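Here's the structure we're looking at; comments come further down.
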Amino acid sequence: MADRVAIVGIAQTKFAPKRVDVSCGEMAYEVIEEVLRQTGLEMKKDIDNAISCSHDIWDGQTISNIGITDVIGGHLRSEEKMALDGSTAVYYGTIGILSGEFDCTLLMAHTKMSQTNRNIVNNDAFDPIYTRLLGFDYTSAAALQVRRYMYKYGITPEQIARVVVKNLGNAKLNPVAHQSGNLTVAEVLSSPLVASPLRKLDIAPDTDGAVAMILASEKRARKITKNPVWIRGIGACYDAHYLGDRDLADVFALQKAAGQAYRMAGIKNPRRQIDVAEVGDDFSYQELLWMEGLGLCERGGAAKMLEAGATEIKGRLPVNPSGGLLGGVPINVYGLNRVAEAALQVMGQAGDHQVKKDVKIAVAQGHSGFCGQHQCVVVLGKE
Amino acid sequence: MEEIKKYEPFEVDQHITAQSRYYAGRMGSRFYIALRDQQKILGAKCPRCNKVLWPPRSTCGVCFSELTETVEIGPLGTVETFTVVTYNEPVQPRKAPFIYAVIKLDGADTGMAHFLDEVDFDEVHIGLRVRPVYARERNGNILDIQYFKPL
């Protein structure tokens, strides 16, 4: 059995509102070719497992990965798809290497949100017997969650708007981000209301793009790179499905996933031991909610941390220095991008959005399903 | 023939339509028949957890017991959270702006996601007491409850 698993290569497309120039396969090839070039690995000789992450209804094909098997090395070889968020591909790839079965695993997540209508696609995530006919989508469901969170913990619209201000400010420093800007809280709060209290700027935009990553066993990683990022802990957990089954302000699934990942990584005090976090802010308020679920502060305390500047790039515990998902990352790719950005911070290769402090431990969080039903946490570290 | 090097990005326009019939199952069938024929709302009782779950289901996700008992819940309930939706999609049965809410019906331990109406947007709040308005023509689906409105 392999002892440890490392991230040895990362490639991301520039995220763009509409990539009319490429098909999904061509877009995937951009990052696969780049990550192989970066690591000097060859598909046939070196890559012994491939895991993709995409979604049938988004791609308009069941099973969506059969459209990209040729570019991911799946021709007359194995390839498997995670239909969950891209962070779960890291979880699954890590388990494969830890089992001793594989040495070098290629992960790739892709989605072109421009190809279809997000609300209609996401409506299909709701159960057909009791909920779908009501017309819900992820945005209207998220609006129910943020209202409950604000009510239960006394969070204000101004505090949530600050997440947008921070992340779109950070996104200016990230060359792959799709949108960025110098916004004020007042500007965020005057953007059009979509589903109260959520406004246009609270919602990650529709984006096209792909991310690829290579995971390797310790033995292989040593030969591939001098700067491996170790996967120190992984955890995943589901919460109940129906909108009314749980108090939407609760984060039990994330607390469990984080607990599992922290135990594996030997993290006893996440507030002190974690240097930087990249979390799944597909809606602004989720950055705060997930910070609390990750134990980076007490329940209801994330907004105060943000207001105090602690989560800025120069802060005590930077959160989403990449600009997060609000900067524009496609659904399904969300989590692999979160892990990629956290890994770049550990490598010291995040460029202009590299945090100022020394990063020994980074945490990445991804989620899928409406209101964060499924949660996945990946803890990364240096030697 | 000369190779084409300059071209317009080409789009393939497709529409997937599936006419699906999803069977509501043992609990779902009892729920929809009671709603359609008697205007009663049923929940499933988990005797081991001593909880009443809406929507009614045949397994308790907490203790994994098989659930066979239904109990009548509501019809009055309390708003747990809500949103005013400002956009239209073809999958929505109502025209925006409209209100979605999660309503905890009296006697149930979980909430029901549905519409609110006959209330000013400014007056909706968490804790609002509401009651269902049933559709005059009921077809055995969740829209047999048209919406909830304040008491």
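Residues are named by chain letter and number: chains run A, B, ... in the order of the structure tokens, numbers start at 1 in each chain, and ligands are numbered from 1 in the order shown.
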Interface, chain B side, toward chain A (7 Å; only C-alpha atoms) as a list in words: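 The contacting residues on chain B are Pro9, Tyr22, Ala24, Thr81, Phe82, Thr83, Val84, Val85, Thr86, Tyr87, Val91, Gln92, Pro93, Val102, Thr110, Gly111, Met112, Ala113, His114 and Ile142 of chain B.
When the distance limit is 10 Å and only C-alpha atoms are what count, the residues near Asp358 of chain A, minus those fewer than 5 positions from it on the same chain, are Asp275, Val276, Gln345, Val346 and Gly348 of chain A.
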Just-selected residues, N, CA and C atoms written as an mmCIF file, in the first residue's frame:
data_model
loop_
_atom_site.group_PDB
_atom_site.id
_atom_site.type_symbol
_atom_site.label_atom_id
_atom_site.label_comp_id
_atom_site.auth_asym_id
_atom_site.auth_seq_id
_atom_site.Cartn_x
_atom_site.Cartn_y
_atom_site.Cartn_z
ATOM 1 N N ASP A 275 -3.449 27.417 7.122
ATOM 2 C CA ASP A 275 -2.872 28.695 6.697
ATOM 3 C C ASP A 275 -3.716 29.396 5.647
ATOM 4 N N VAL A 276 -4.408 28.635 4.820
ATOM 5 C CA VAL A 276 -5.211 29.246 3.760
ATOM 6 C C VAL A 276 -6.326 28.277 3.387
ATOM 7 N N GLN A 345 -1.118 27.388 -3.724
ATOM 8 C CA GLN A 345 -0.685 28.153 -2.544
ATOM 9 C C GLN A 345 0.394 27.387 -1.770
ATOM 10 N N VAL A 346 0.213 26.061 -1.640
ATOM 11 C CA VAL A 346 1.205 25.249 -0.915
ATOM 12 C C VAL A 346 2.527 25.225 -1.691
ATOM 13 N N GLY A 348 3.603 27.529 -3.497
ATOM 14 C CA GLY A 348 4.142 28.890 -3.611
ATOM 15 C C GLY A 348 4.096 29.373 -5.046
#
Which of segment 23-121 of chain B fall in strand (DSSP E or B), as a count of residues only: 38
So that I can check the surroundings of Val79 of chain B, please list as a ChimeraX atom specification every protein, DNA and RNA residue that reaches within 7 Å of it, counting only C-alpha atoms and ignoring chain neighbours fewer than 2 positions away. /B:77,81,101-104,126-129
Pairwise distance for atom CA of Pro56 of chain B and atom CA of Arg30 of chain B, rounded to one decimal in Å: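 Distance reported for this atom pair: 8.9 Å.
Ranking A:Gln38, A:Gln255, A:Asn227, A:Thr62 by their shortest atom-to-atom distance to Glu298 of chain A, with only C-alpha atoms included, puts A:Gln255 first.
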Applying 10 Å and only C-alpha atoms, which residues near Ala204 of chain A remain after dropping the ones on its own chain fewer than 2 positions away? List them as a list of chain:residue names. A:Val164, A:Gln179, A:Lys200, A:Leu201, A:Asp202, A:Asp206, A:Thr207, A:Asp281, A:Asp282, A:Phe283, A:Ser284, A:Gly324, A:Leu325, A:Leu326, A:Gly327, A:Gly328, A:Val329, A:Pro330, A:Ile331
As JSON, numbers by chain, please: every residue in chain B that DSSP puts in helix (DSSP H, G or I). {"B": [25, 26, 27, 28, 29, 30, 31, 32, 33, 34, 35, 36, 37, 38, 121, 122, 123, 142, 143, 144]}
Nearest residue to Val359 of chain A out of A:Val229, A:Ile66, A:Leu289, A:Leu254, using only C-alpha atoms?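 Between A:Val229, A:Ile66, A:Leu289, A:Leu254, the residue approaching Val359 of chain A most closely is A:Val229.
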